[in-house]
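Notes follow once the structure below has been shown.
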Amino acid sequence: MTNLNQLISLAALLLITGCNTGNQKNGSENTQDPTVANSSEEMLYRPNFHFTPQKNWMNDPNGMFFHNGYYHLYFQYHPGGNTWGPMHWGHAISKDMITWQEQPVALYPDTLGYIFSGSAVVDHHNTSGFGKDGKTPVVAIFTNHDPQKASDKKTDVETQGIAYSLDEGLTWTKYAENPVIENPGIRDFRDPKVRWDDQRKRWLMVLAAQNKTMFYVSGDLKKWEFLSDFGADKGSHAGVWECPDFFPIRVEGTSQTKWVLLVSINPGAPNGGSGTQYFVGDFDGTHFTPDAGFDRHLSEKHDYWLDFGRDNYAGVTWSDIPGSDGRRLFIGWMSNWDYANQVPTETWRSASTIARELKLHENADSYVLSSVPVKELNNYLEQKLKKEKITITENTELTNSKSVDLTRTHISFGIGDSKNKGFVFTLSNASGDTLRFGYDGTANDFHINRKQSGHHNFSDRFADRISTAPRSSKAGSLTGTILLDKTSVELFYDNGRTVMTEIFFPTSPFETLSVENINENILIDFIEVSQIGHNKKQ
Ligand code: FRU
């Protein structure tokens with residue numbers, strides 16, 4: 001970049017930053033990385049359409065429920081700093097899971113400890129008795145983590161507690177008789193996810209217990225009875241099990257229902273650090289049993305991952321989505337414990353993934369769980385470019401920032417016969433940063449390469465590898481959706497059957513998107529580039 005160009009970009013940066021309302025980071029307490037401090041991290045890195053707290057540290061999504069037209073999202077939150085610390089539940093609400101409004105902090109640490117991850121349910125029948133004056137209670141079920149016991153190396157560090165809200169999740173009262181589940185002598189005993197088991201008319205809880213999940217049931221959300229456990233000898237065990245979710249889901253194209261168990265694990269993800277595996281099977285009211293074909297694949301060392309990218313962790317699904325909607329809706333934390341505390345933003349740290357719809361498909365003798373962005377995102381798309389039947393014989397520029405703002409972009413594409421072929425998309429800027437992602441038809445896998453994507457020295461684990469994901473679809477033709485924000489790429493291939501989510505921190509915004517073929521020429525059947533507007537279209 002010439003000096004003049006640099007000056008123009010800097011002036012533009014200052015102008016736009018000046019127009020922003022609130023949230024600017026003035027001054028530069030960032031001692032690690034002067035380039036970031038000197039520009040505006042708001043301008044460069046505050047996501048355009050992913051949720052971030054205004055200030056300070058966030059990790060896992062918690063307590064998500066839908067009620068009276070609003071999607072609620074709580075999250076692990078440290079209001080006192082921009083690194084992990086005493087955990088509270090922050091809160092945000094949305095009418096469509098895309099535009100979020102942050103709310104006051106919902107749950108504060110208490111004498112039993114920090115408030116770790118958990119869930120919330122709308123207690124429509126007032127089984128808990130917390131309802132009053134006809135108001136429906138919302139009940140949160142969470143882990144209390146006692147930091148004193150943790151530093152004293154005790155085992156009974158974590159217990160489960162509940163709280164209720166009579167004003168639709170805004171303010172909460174803790175139950176006076178917490179804990180509702182005492183620690184059974186397991187050091188990591190946390191992240192309760194509760195759902196109403198409509199068939200058996202009782203509450204069903206799954207929680208993570210070190211190297212397995214444990215199931216409990218209750219009639220009133222206060223007294224819990226242990227049912228069974230699952231997983232000590234199944235799936236990946238390279239790290240501790242955390243943040244499970246357990247739900248029935250219809251198998252696409254059939255009338256059959258299966259149960260899916262999501263389990264986050266850290267470390268042990270396929271590309272390092274934190275990741276979310278899943279299991280598909282049946283639940284008889286007491287035990288979860290993996291499906292036979294699924295189990296055979298598992299025992300042949302085939303693990304099942306919801307997302308192969310490095311930055312989708314601790315995600316779970318919304319409770320109380322109306323039956324008339326019927327979707328299974330998910331959101332994850334878009335970071336990885338390998339470097340989450342070090343990423344180069346100071347005002348806030350971490351964003352959520354785009355909200356996603358999960359679907360279960362039969363796949364040979366097993367199943368695959370797909371995820372795609374929720375359809376509500378379509379209400380924000382403004383089409384900028386559509387091309388059909390382009391043969392790629394060399395590196396070809398598809399679009400650049402004169403036509404579309406590449407920091408808020410939705411791209412969908414289809415490629416005919418993909419066998420033995422391959423492609424690489426490259427995002428680049430004049431500072432020389434590149435983000436490369438694509439498909440290798442010979443290896444039959446997808447990849448993301450963020451090694452040269454900008455700032456990465458904040459952690460030696462951030463750019464230490466090229467992430468890969470085996471393709472799960474057997475189809476010859478291939479489709480993909482690419483979602484680009486300022487610091488994230490989310491890739492949904494084959495209608496979400498293989499997904500990769502990763503973050504990056506370019507030194508200036510990406511300006512050009514190009515594509516190149518590897519091995520043979522490729523024919524792009526269609527490519528459609530849309531901008532994600534600031535506001536929902538009316
Ligand atoms: C997952 C996790 C949970 C825990 C929370 C603490 O990222 O480790 O198991 O409840 O974060 O913030």
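By order of appearance in the structure tokens: chains A, B, ..., then residues from 1 within every chain, and ligands from 1 in the order shown.
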(message) At a cut-off of 6 Å and counting only C-alpha atoms and all ligand atoms, what residues surround ligand 1? Please answer as a PyMOL selection string.
(response) chain A and resi 60+76+116-117+191+242-243+314
Taking all heavy atoms for each residue, export the selection above as a PDB file, in the first residue's frame.
```pdb
ATOM      1  N   ASP A  60     -19.354 -18.927  27.126  1.00  0.00           N
ATOM      2  CA  ASP A  60     -20.476 -19.749  26.653  1.00  0.00           C
ATOM      3  C   ASP A  60     -21.842 -19.053  26.597  1.00  0.00           C
ATOM      4  O   ASP A  60     -22.185 -18.313  27.514  1.00  0.00           O
ATOM      5  CB  ASP A  60     -20.710 -20.937  27.596  1.00  0.00           C
ATOM      6  CG  ASP A  60     -19.457 -21.634  28.031  1.00  0.00           C
ATOM      7  OD1 ASP A  60     -18.387 -21.313  27.525  1.00  0.00           O
ATOM      8  OD2 ASP A  60     -19.575 -22.510  28.903  1.00  0.00           O
ATOM      9  N   GLN A  76     -21.947 -16.482  29.709  1.00  0.00           N
ATOM     10  CA  GLN A  76     -20.922 -16.396  30.746  1.00  0.00           C
ATOM     11  C   GLN A  76     -20.253 -15.035  30.600  1.00  0.00           C
ATOM     12  O   GLN A  76     -19.756 -14.696  29.513  1.00  0.00           O
ATOM     13  CB  GLN A  76     -19.896 -17.523  30.555  1.00  0.00           C
ATOM     14  CG  GLN A  76     -20.422 -18.885  30.932  1.00  0.00           C
ATOM     15  CD  GLN A  76     -20.533 -19.021  32.449  1.00  0.00           C
ATOM     16  OE1 GLN A  76     -19.566 -19.281  33.134  1.00  0.00           O
ATOM     17  NE2 GLN A  76     -21.736 -18.842  32.981  1.00  0.00           N
ATOM     18  N   PHE A 116     -21.742 -20.507  36.823  1.00  0.00           N
ATOM     19  CA  PHE A 116     -21.231 -21.128  35.600  1.00  0.00           C
ATOM     20  C   PHE A 116     -22.394 -21.429  34.644  1.00  0.00           C
ATOM     21  O   PHE A 116     -23.544 -21.095  34.905  1.00  0.00           O
ATOM     22  CB  PHE A 116     -20.473 -22.410  35.966  1.00  0.00           C
ATOM     23  CG  PHE A 116     -18.991 -22.194  36.196  1.00  0.00           C
ATOM     24  CD1 PHE A 116     -18.468 -20.938  36.507  1.00  0.00           C
ATOM     25  CD2 PHE A 116     -18.100 -23.265  36.103  1.00  0.00           C
ATOM     26  CE1 PHE A 116     -17.098 -20.756  36.706  1.00  0.00           C
ATOM     27  CE2 PHE A 116     -16.735 -23.093  36.304  1.00  0.00           C
ATOM     28  CZ  PHE A 116     -16.232 -21.849  36.596  1.00  0.00           C
ATOM     29  N   SER A 117     -22.076 -22.133  33.577  1.00  0.00           N
ATOM     30  CA  SER A 117     -23.056 -22.335  32.505  1.00  0.00           C
ATOM     31  C   SER A 117     -24.269 -23.154  32.944  1.00  0.00           C
ATOM     32  O   SER A 117     -24.197 -23.956  33.867  1.00  0.00           O
ATOM     33  CB  SER A 117     -22.388 -23.012  31.308  1.00  0.00           C
ATOM     34  OG  SER A 117     -21.571 -22.068  30.679  1.00  0.00           O
ATOM     35  N   ASP A 191     -22.804 -27.533  34.147  1.00  0.00           N
ATOM     36  CA  ASP A 191     -23.472 -27.119  32.896  1.00  0.00           C
ATOM     37  C   ASP A 191     -24.799 -27.849  32.646  1.00  0.00           C
ATOM     38  O   ASP A 191     -25.012 -28.445  31.574  1.00  0.00           O
ATOM     39  CB  ASP A 191     -22.520 -27.295  31.685  1.00  0.00           C
ATOM     40  CG  ASP A 191     -21.154 -26.657  31.917  1.00  0.00           C
ATOM     41  OD1 ASP A 191     -21.076 -25.727  32.761  1.00  0.00           O
ATOM     42  OD2 ASP A 191     -20.176 -27.078  31.281  1.00  0.00           O
ATOM     43  N   GLU A 242     -17.945 -30.890  28.727  1.00  0.00           N
ATOM     44  CA  GLU A 242     -18.610 -29.681  29.215  1.00  0.00           C
ATOM     45  C   GLU A 242     -19.877 -29.422  28.386  1.00  0.00           C
ATOM     46  O   GLU A 242     -20.029 -29.929  27.268  1.00  0.00           O
ATOM     47  CB  GLU A 242     -17.685 -28.459  29.073  1.00  0.00           C
ATOM     48  CG  GLU A 242     -16.365 -28.588  29.803  1.00  0.00           C
ATOM     49  CD  GLU A 242     -15.512 -27.331  29.744  1.00  0.00           C
ATOM     50  OE1 GLU A 242     -15.334 -26.752  28.664  1.00  0.00           O
ATOM     51  OE2 GLU A 242     -14.997 -26.940  30.803  1.00  0.00           O
ATOM     52  N   CYS A 243     -20.740 -28.597  28.922  1.00  0.00           N
ATOM     53  CA  CYS A 243     -21.870 -28.012  28.193  1.00  0.00           C
ATOM     54  C   CYS A 243     -22.639 -28.981  27.290  1.00  0.00           C
ATOM     55  O   CYS A 243     -22.717 -28.783  26.068  1.00  0.00           O
ATOM     56  CB  CYS A 243     -21.395 -26.834  27.352  1.00  0.00           C
ATOM     57  SG  CYS A 243     -20.735 -25.508  28.355  1.00  0.00           S
ATOM     58  N   ALA A 314     -19.094 -24.795  23.115  1.00  0.00           N
ATOM     59  CA  ALA A 314     -20.061 -24.691  24.219  1.00  0.00           C
ATOM     60  C   ALA A 314     -21.461 -24.313  23.742  1.00  0.00           C
ATOM     61  O   ALA A 314     -22.265 -23.824  24.524  1.00  0.00           O
ATOM     62  CB  ALA A 314     -19.574 -23.685  25.272  1.00  0.00           C
TER      63      ALA A 314
END
```
(request) Go through region 228-362 of chain A and collect every residue that DSSP, computed from the backbone, puts in alpha helix (DSSP H); the answer should be as a list in words. (result) Ala292, Gly293, Phe294, Asp295, Arg296, His297, Leu298 and Ser299 of chain A
Next, write the just-selected residues to a file, as a PDB file, in the first residue's frame, keeping C-alpha atoms as the atom set.
```
ATOM      1  CA  ALA A 292     -26.167 -49.146  16.075  1.00  0.00           C
ATOM      2  CA  GLY A 293     -24.685 -47.758  12.823  1.00  0.00           C
ATOM      3  CA  PHE A 294     -23.579 -44.591  14.565  1.00  0.00           C
ATOM      4  CA  ASP A 295     -21.973 -46.614  17.337  1.00  0.00           C
ATOM      5  CA  ARG A 296     -20.093 -48.783  14.845  1.00  0.00           C
ATOM      6  CA  HIS A 297     -18.609 -45.680  13.226  1.00  0.00           C
ATOM      7  CA  LEU A 298     -17.688 -44.364  16.672  1.00  0.00           C
ATOM      8  CA  SER A 299     -15.892 -47.545  17.612  1.00  0.00           C
TER       9      SER A 299
END
```
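For the choices A:Gly309, A:Gly185, A:Gly113, A:Gly231, the atom-to-atom distance to Leu491 (chain A) is smallest for A:Gly309 when using only C-alpha atoms.
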(request) To one decimal in Å, tell me the separation between CA of Glu516 (chain A) and CA of Gly414 (chain A). (result)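 Value for the CA of Glu516 (chain A)-CA of Gly414 (chain A) distance: 14.6 Å.
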(request) Find the residues near Lys201 (chain A): any atom within 10 Å, counting only C-alpha atoms, skip ones fewer than 3 places away on the same chain, and give them as a PyMOL selection string. (result) chain A and resi 196-198+204+218-219
Save out the residues we just selected, N, CA and C atoms, as a compact mmCIF listing (two decimals), in the first residue's frame.
```txt
# COMPACT_ATOMS: atom_id res chain seq x y z
N TRP A 196 -38.26 -30.03 29.00
CA TRP A 196 -39.50 -30.69 29.40
C TRP A 196 -39.64 -31.95 28.57
N ASP A 197 -39.71 -33.12 29.22
CA ASP A 197 -39.90 -34.37 28.50
C ASP A 197 -41.41 -34.57 28.40
N ASP A 198 -41.93 -34.20 27.24
CA ASP A 198 -43.38 -34.16 27.08
C ASP A 198 -44.01 -35.55 27.13
N LEU A 204 -36.20 -33.13 32.39
CA LEU A 204 -35.06 -34.01 32.15
C LEU A 204 -33.80 -33.14 32.09
N SER A 218 -36.93 -34.59 37.26
CA SER A 218 -37.59 -33.85 38.33
C SER A 218 -39.02 -33.54 37.94
N GLY A 219 -39.90 -33.45 38.94
CA GLY A 219 -41.28 -33.02 38.66
C GLY A 219 -41.44 -31.53 38.86
```
At a cut-off of 9 Å, using only C-alpha atoms, what residues contact Ser488 (chain A)? Leave out same-chain residues fewer than 3 positions from it and give the result as a PDB file with N, CA and C atoms, in the first residue's frame.
```
ATOM      1  N   PRO A  47     -17.754  -6.966  15.602  1.00  0.00           N
ATOM      2  CA  PRO A  47     -18.502  -7.624  14.518  1.00  0.00           C
ATOM      3  C   PRO A  47     -19.705  -6.805  14.048  1.00  0.00           C
ATOM      4  N   ASP A 311     -13.436 -22.350  16.121  1.00  0.00           N
ATOM      5  CA  ASP A 311     -14.110 -21.343  16.937  1.00  0.00           C
ATOM      6  C   ASP A 311     -15.627 -21.489  16.997  1.00  0.00           C
ATOM      7  N   MET A 334     -17.969 -18.129  19.802  1.00  0.00           N
ATOM      8  CA  MET A 334     -17.063 -18.157  18.649  1.00  0.00           C
ATOM      9  C   MET A 334     -15.622 -17.902  19.108  1.00  0.00           C
ATOM     10  N   THR A 353     -21.475 -17.201  17.638  1.00  0.00           N
ATOM     11  CA  THR A 353     -21.616 -17.588  16.230  1.00  0.00           C
ATOM     12  C   THR A 353     -22.937 -17.010  15.715  1.00  0.00           C
ATOM     13  N   THR A 407     -16.856  -7.168   4.913  1.00  0.00           N
ATOM     14  CA  THR A 407     -16.944  -7.446   6.351  1.00  0.00           C
ATOM     15  C   THR A 407     -18.390  -7.681   6.786  1.00  0.00           C
ATOM     16  N   LEU A 483     -20.163 -17.028   5.306  1.00  0.00           N
ATOM     17  CA  LEU A 483     -20.600 -15.833   6.041  1.00  0.00           C
ATOM     18  C   LEU A 483     -19.371 -15.114   6.550  1.00  0.00           C
ATOM     19  N   LEU A 484     -19.238 -13.859   6.129  1.00  0.00           N
ATOM     20  CA  LEU A 484     -18.048 -13.106   6.513  1.00  0.00           C
ATOM     21  C   LEU A 484     -18.417 -11.904   7.356  1.00  0.00           C
ATOM     22  N   ASP A 485     -17.800 -11.814   8.518  1.00  0.00           N
ATOM     23  CA  ASP A 485     -17.902 -10.596   9.326  1.00  0.00           C
ATOM     24  C   ASP A 485     -16.481 -10.047   9.449  1.00  0.00           C
ATOM     25  N   THR A 501     -15.986 -22.923  11.377  1.00  0.00           N
ATOM     26  CA  THR A 501     -16.089 -21.551  11.868  1.00  0.00           C
ATOM     27  C   THR A 501     -14.736 -21.125  12.427  1.00  0.00           C
ATOM     28  N   GLU A 502     -14.195 -20.029  11.914  1.00  0.00           N
ATOM     29  CA  GLU A 502     -12.929 -19.546  12.486  1.00  0.00           C
ATOM     30  C   GLU A 502     -12.895 -18.020  12.539  1.00  0.00           C
ATOM     31  N   ILE A 503     -12.112 -17.529  13.503  1.00  0.00           N
ATOM     32  CA  ILE A 503     -11.946 -16.083  13.655  1.00  0.00           C
ATOM     33  C   ILE A 503     -10.559 -15.668  13.157  1.00  0.00           C
ATOM     34  N   PHE A 504     -10.385 -14.376  12.916  1.00  0.00           N
ATOM     35  CA  PHE A 504      -9.101 -13.849  12.417  1.00  0.00           C
ATOM     36  C   PHE A 504      -9.071 -12.356  12.706  1.00  0.00           C
ATOM     37  N   PHE A 505      -7.897 -11.768  12.663  1.00  0.00           N
ATOM     38  CA  PHE A 505      -7.751 -10.352  13.026  1.00  0.00           C
ATOM     39  C   PHE A 505      -6.848  -9.638  12.024  1.00  0.00           C
TER      40      PHE A 505
END
```
Determine, counting only C-alpha atoms, which protein, DNA and RNA residues have an atom within 10 Å of an atom of region 166-172 of chain A; residues of the same chain fewer than 6 positions away are not included. Present the result as a short mmCIF file (atom, residue, chain, number, x, y, z; two decimals) with all heavy atoms, in the first residue's frame.
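File written: around.cif
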```
data_model
loop_
_atom_site.label_atom_id
_atom_site.label_comp_id
_atom_site.auth_asym_id
_atom_site.auth_seq_id
_atom_site.Cartn_x
_atom_site.Cartn_y
_atom_site.Cartn_z
N GLY A 63 -28.66 -20.43 29.18
CA GLY A 63 -30.06 -20.10 29.51
C GLY A 63 -30.93 -19.63 28.37
O GLY A 63 -31.84 -18.81 28.56
N PHE A 65 -33.88 -19.25 25.99
CA PHE A 65 -35.28 -19.66 25.86
C PHE A 65 -36.01 -18.65 24.99
O PHE A 65 -35.54 -17.52 24.80
CB PHE A 65 -35.97 -19.78 27.24
CG PHE A 65 -36.15 -18.48 27.96
CD1 PHE A 65 -37.33 -17.74 27.82
CD2 PHE A 65 -35.15 -17.97 28.78
CE1 PHE A 65 -37.49 -16.52 28.47
CE2 PHE A 65 -35.31 -16.75 29.44
CZ PHE A 65 -36.48 -16.03 29.29
N PHE A 66 -37.16 -19.06 24.46
CA PHE A 66 -38.01 -18.18 23.65
C PHE A 66 -39.30 -17.97 24.40
O PHE A 66 -39.90 -18.93 24.90
CB PHE A 66 -38.29 -18.84 22.29
CG PHE A 66 -39.22 -18.03 21.42
CD1 PHE A 66 -38.74 -16.98 20.66
CD2 PHE A 66 -40.57 -18.34 21.36
CE1 PHE A 66 -39.59 -16.23 19.86
CE2 PHE A 66 -41.44 -17.59 20.56
CZ PHE A 66 -40.94 -16.54 19.82
N HIS A 67 -39.73 -16.72 24.50
CA HIS A 67 -40.98 -16.46 25.22
C HIS A 67 -41.57 -15.13 24.75
O HIS A 67 -40.83 -14.14 24.64
CB HIS A 67 -40.67 -16.40 26.73
CG HIS A 67 -41.90 -16.43 27.60
ND1 HIS A 67 -42.96 -17.26 27.36
CD2 HIS A 67 -42.21 -15.73 28.72
CE1 HIS A 67 -43.88 -17.09 28.29
NE2 HIS A 67 -43.45 -16.16 29.13
N ASN A 68 -42.86 -15.13 24.48
CA ASN A 68 -43.57 -13.90 24.10
C ASN A 68 -42.86 -13.09 23.02
O ASN A 68 -42.71 -11.87 23.14
CB ASN A 68 -43.79 -13.02 25.34
CG ASN A 68 -44.89 -13.59 26.22
OD1 ASN A 68 -45.68 -14.43 25.77
ND2 ASN A 68 -44.93 -13.17 27.47
N TYR A 70 -39.74 -13.06 22.07
CA TYR A 70 -38.31 -12.74 22.22
C TYR A 70 -37.47 -13.98 22.41
O TYR A 70 -37.83 -14.88 23.19
CB TYR A 70 -38.07 -11.81 23.41
CG TYR A 70 -38.42 -10.38 23.09
CD1 TYR A 70 -39.67 -9.85 23.46
CD2 TYR A 70 -37.52 -9.57 22.42
CE1 TYR A 70 -40.00 -8.54 23.14
CE2 TYR A 70 -37.84 -8.26 22.10
CZ TYR A 70 -39.08 -7.76 22.46
OH TYR A 70 -39.40 -6.46 22.14
N HIS A 72 -34.19 -15.16 24.10
CA HIS A 72 -33.28 -14.71 25.16
C HIS A 72 -31.96 -15.46 25.03
O HIS A 72 -31.94 -16.67 24.79
CB HIS A 72 -33.89 -14.98 26.54
CG HIS A 72 -35.08 -14.12 26.82
ND1 HIS A 72 -35.03 -13.03 27.65
CD2 HIS A 72 -36.35 -14.19 26.34
CE1 HIS A 72 -36.23 -12.45 27.68
NE2 HIS A 72 -37.04 -13.14 26.89
N LEU A 73 -30.90 -14.71 25.21
CA LEU A 73 -29.55 -15.28 25.20
C LEU A 73 -28.84 -14.76 26.44
O LEU A 73 -28.68 -13.55 26.60
CB LEU A 73 -28.81 -14.81 23.94
CG LEU A 73 -27.30 -15.06 23.88
CD1 LEU A 73 -26.99 -16.55 23.82
CD2 LEU A 73 -26.70 -14.36 22.65
N TYR A 74 -28.47 -15.66 27.33
CA TYR A 74 -27.61 -15.29 28.46
C TYR A 74 -26.22 -15.79 28.10
O TYR A 74 -26.05 -16.58 27.16
CB TYR A 74 -28.12 -15.92 29.76
CG TYR A 74 -29.51 -15.44 30.09
CD1 TYR A 74 -30.62 -16.05 29.50
CD2 TYR A 74 -29.72 -14.36 30.95
CE1 TYR A 74 -31.91 -15.60 29.76
CE2 TYR A 74 -31.01 -13.91 31.22
CZ TYR A 74 -32.09 -14.53 30.62
OH TYR A 74 -33.35 -14.08 30.87
N HIS A 91 -26.90 -10.86 29.59
CA HIS A 91 -28.21 -11.12 28.98
C HIS A 91 -28.40 -10.26 27.73
O HIS A 91 -28.00 -9.10 27.71
CB HIS A 91 -29.29 -10.80 30.03
CG HIS A 91 -30.69 -11.10 29.60
ND1 HIS A 91 -31.78 -10.49 30.17
CD2 HIS A 91 -31.20 -11.95 28.66
CE1 HIS A 91 -32.90 -10.95 29.62
NE2 HIS A 91 -32.57 -11.83 28.70
N ALA A 92 -29.00 -10.85 26.71
CA ALA A 92 -29.37 -10.08 25.51
C ALA A 92 -30.68 -10.65 24.99
O ALA A 92 -30.99 -11.82 25.22
CB ALA A 92 -28.28 -10.20 24.45
N ILE A 93 -31.45 -9.81 24.31
CA ILE A 93 -32.71 -10.29 23.73
C ILE A 93 -32.78 -9.91 22.25
O ILE A 93 -32.14 -8.95 21.81
CB ILE A 93 -33.96 -9.73 24.46
CG1 ILE A 93 -33.95 -8.20 24.45
CG2 ILE A 93 -34.04 -10.25 25.88
CD1 ILE A 93 -35.26 -7.58 24.96
N GLN A 103 -28.97 -6.52 27.72
CA GLN A 103 -29.77 -6.18 28.89
C GLN A 103 -28.86 -6.14 30.13
O GLN A 103 -27.71 -6.55 30.06
CB GLN A 103 -30.84 -7.27 29.09
CG GLN A 103 -31.75 -7.49 27.90
CD GLN A 103 -32.64 -6.30 27.64
OE1 GLN A 103 -33.39 -5.86 28.49
NE2 GLN A 103 -32.53 -5.74 26.43
N PRO A 104 -29.40 -5.69 31.26
CA PRO A 104 -28.56 -5.68 32.47
C PRO A 104 -28.11 -7.10 32.84
O PRO A 104 -28.75 -8.08 32.47
CB PRO A 104 -29.51 -5.14 33.54
CG PRO A 104 -30.59 -4.44 32.81
CD PRO A 104 -30.72 -5.10 31.47
N VAL A 105 -27.02 -7.18 33.58
CA VAL A 105 -26.52 -8.47 34.06
C VAL A 105 -27.65 -9.18 34.81
O VAL A 105 -28.37 -8.58 35.60
CB VAL A 105 -25.30 -8.26 34.99
CG1 VAL A 105 -24.93 -9.54 35.71
CG2 VAL A 105 -24.12 -7.74 34.17
N ALA A 106 -27.80 -10.48 34.53
CA ALA A 106 -28.96 -11.21 35.06
C ALA A 106 -28.65 -11.95 36.36
O ALA A 106 -29.45 -11.95 37.29
CB ALA A 106 -29.46 -12.20 34.01
N LEU A 107 -27.52 -12.63 36.43
CA LEU A 107 -27.20 -13.43 37.63
C LEU A 107 -25.80 -13.09 38.13
O LEU A 107 -24.85 -13.03 37.33
CB LEU A 107 -27.28 -14.92 37.32
CG LEU A 107 -28.68 -15.52 37.08
CD1 LEU A 107 -28.56 -16.97 36.57
CD2 LEU A 107 -29.53 -15.49 38.35
N TYR A 108 -25.70 -12.89 39.44
CA TYR A 108 -24.44 -12.52 40.08
C TYR A 108 -23.92 -13.67 40.94
O TYR A 108 -24.73 -14.44 41.49
CB TYR A 108 -24.65 -11.31 40.99
CG TYR A 108 -24.93 -10.03 40.25
CD1 TYR A 108 -26.18 -9.78 39.69
CD2 TYR A 108 -23.93 -9.08 40.08
CE1 TYR A 108 -26.43 -8.61 38.99
CE2 TYR A 108 -24.17 -7.90 39.39
CZ TYR A 108 -25.42 -7.67 38.84
OH TYR A 108 -25.66 -6.51 38.15
N ALA A 120 -32.22 -22.46 30.86
CA ALA A 120 -33.44 -21.86 31.44
C ALA A 120 -34.64 -22.44 30.70
O ALA A 120 -34.55 -22.75 29.51
CB ALA A 120 -33.42 -20.35 31.32
N VAL A 122 -39.14 -22.19 30.38
CA VAL A 122 -40.38 -21.51 30.75
C VAL A 122 -41.25 -22.56 31.43
O VAL A 122 -41.57 -23.60 30.84
CB VAL A 122 -41.08 -20.93 29.49
CG1 VAL A 122 -42.34 -20.18 29.90
CG2 VAL A 122 -40.13 -20.04 28.71
N PHE A 130 -43.14 -21.38 41.60
CA PHE A 130 -42.55 -20.03 41.68
C PHE A 130 -43.48 -18.97 41.06
O PHE A 130 -43.31 -17.79 41.29
CB PHE A 130 -41.21 -19.96 40.95
CG PHE A 130 -40.08 -20.71 41.62
CD1 PHE A 130 -39.19 -21.47 40.87
CD2 PHE A 130 -39.89 -20.64 43.00
CE1 PHE A 130 -38.13 -22.15 41.48
CE2 PHE A 130 -38.84 -21.32 43.62
CZ PHE A 130 -37.96 -22.08 42.85
N GLY A 131 -44.45 -19.42 40.26
CA GLY A 131 -45.37 -18.47 39.61
C GLY A 131 -46.20 -17.74 40.65
O GLY A 131 -46.50 -18.29 41.71
N LYS A 132 -46.56 -16.50 40.34
CA LYS A 132 -47.34 -15.71 41.30
C LYS A 132 -48.23 -14.76 40.52
O LYS A 132 -47.83 -14.25 39.47
CB LYS A 132 -46.38 -14.90 42.19
CG LYS A 132 -46.85 -14.91 43.65
CD LYS A 132 -45.85 -14.35 44.65
CE LYS A 132 -45.25 -13.01 44.30
NZ LYS A 132 -44.12 -12.68 45.12
N ASP A 133 -49.44 -14.53 41.00
CA ASP A 133 -50.37 -13.57 40.38
C ASP A 133 -50.54 -13.85 38.88
O ASP A 133 -50.55 -12.91 38.07
CB ASP A 133 -49.88 -12.12 40.56
CG ASP A 133 -49.64 -11.80 42.02
OD1 ASP A 133 -50.33 -12.39 42.88
OD2 ASP A 133 -48.74 -10.98 42.30
N GLY A 134 -50.60 -15.13 38.53
CA GLY A 134 -50.79 -15.49 37.13
C GLY A 134 -49.56 -15.31 36.26
O GLY A 134 -49.63 -15.49 35.04
N LYS A 135 -48.44 -14.92 36.86
CA LYS A 135 -47.23 -14.72 36.04
C LYS A 135 -46.49 -16.05 35.87
O LYS A 135 -46.26 -16.77 36.84
CB LYS A 135 -46.28 -13.73 36.72
CG LYS A 135 -46.78 -12.31 36.66
CD LYS A 135 -45.72 -11.37 37.20
CE LYS A 135 -46.29 -9.99 37.37
NZ LYS A 135 -45.86 -9.36 38.62
N THR A 136 -46.13 -16.33 34.61
CA THR A 136 -45.43 -17.59 34.31
C THR A 136 -43.97 -17.47 34.75
O THR A 136 -43.27 -16.55 34.32
CB THR A 136 -45.47 -17.84 32.79
OG1 THR A 136 -46.83 -17.83 32.39
CG2 THR A 136 -44.83 -19.17 32.42
N PRO A 137 -43.48 -18.40 35.58
CA PRO A 137 -42.07 -18.31 35.96
C PRO A 137 -41.14 -18.85 34.86
O PRO A 137 -41.48 -19.81 34.18
CB PRO A 137 -41.98 -19.20 37.20
CG PRO A 137 -43.11 -20.16 37.07
CD PRO A 137 -44.17 -19.52 36.24
N VAL A 138 -40.01 -18.20 34.71
CA VAL A 138 -38.92 -18.77 33.91
C VAL A 138 -37.89 -19.24 34.94
O VAL A 138 -37.59 -18.49 35.88
CB VAL A 138 -38.30 -17.72 32.97
CG1 VAL A 138 -37.22 -18.35 32.11
CG2 VAL A 138 -39.37 -17.09 32.09
N VAL A 139 -37.43 -20.47 34.80
CA VAL A 139 -36.51 -21.02 35.80
C VAL A 139 -35.15 -21.27 35.15
O VAL A 139 -35.07 -21.91 34.10
CB VAL A 139 -37.08 -22.31 36.43
CG1 VAL A 139 -36.11 -22.89 37.46
CG2 VAL A 139 -38.44 -22.03 37.07
N ALA A 140 -34.12 -20.73 35.78
CA ALA A 140 -32.74 -20.95 35.31
C ALA A 140 -32.11 -22.03 36.18
O ALA A 140 -32.31 -22.06 37.39
CB ALA A 140 -31.93 -19.66 35.40
#
```
(request) Identify, on the basis of only C-alpha atoms, every residue whose closest approach to Tyr493 (chain A) does not exceed 7 Å; exclude the query and any residue fewer than 4 positions from it along the same chain; express the result as JSON, numbers by chain. (result) {"A": [479, 480, 481, 497, 498, 499]}
Residues from last step as file, C-alpha atoms, as a PDB file, in the first residue's frame:
```
ATOM      1  CA  THR A 479     -22.735 -26.158  -2.538  1.00  0.00           C
ATOM      2  CA  GLY A 480     -21.533 -23.747   0.085  1.00  0.00           C
ATOM      3  CA  THR A 481     -22.501 -20.703   2.088  1.00  0.00           C
ATOM      4  CA  ARG A 497     -23.305 -31.197   6.574  1.00  0.00           C
ATOM      5  CA  THR A 498     -19.724 -30.021   7.019  1.00  0.00           C
ATOM      6  CA  VAL A 499     -19.234 -26.765   8.897  1.00  0.00           C
TER       7      VAL A 499
END
```
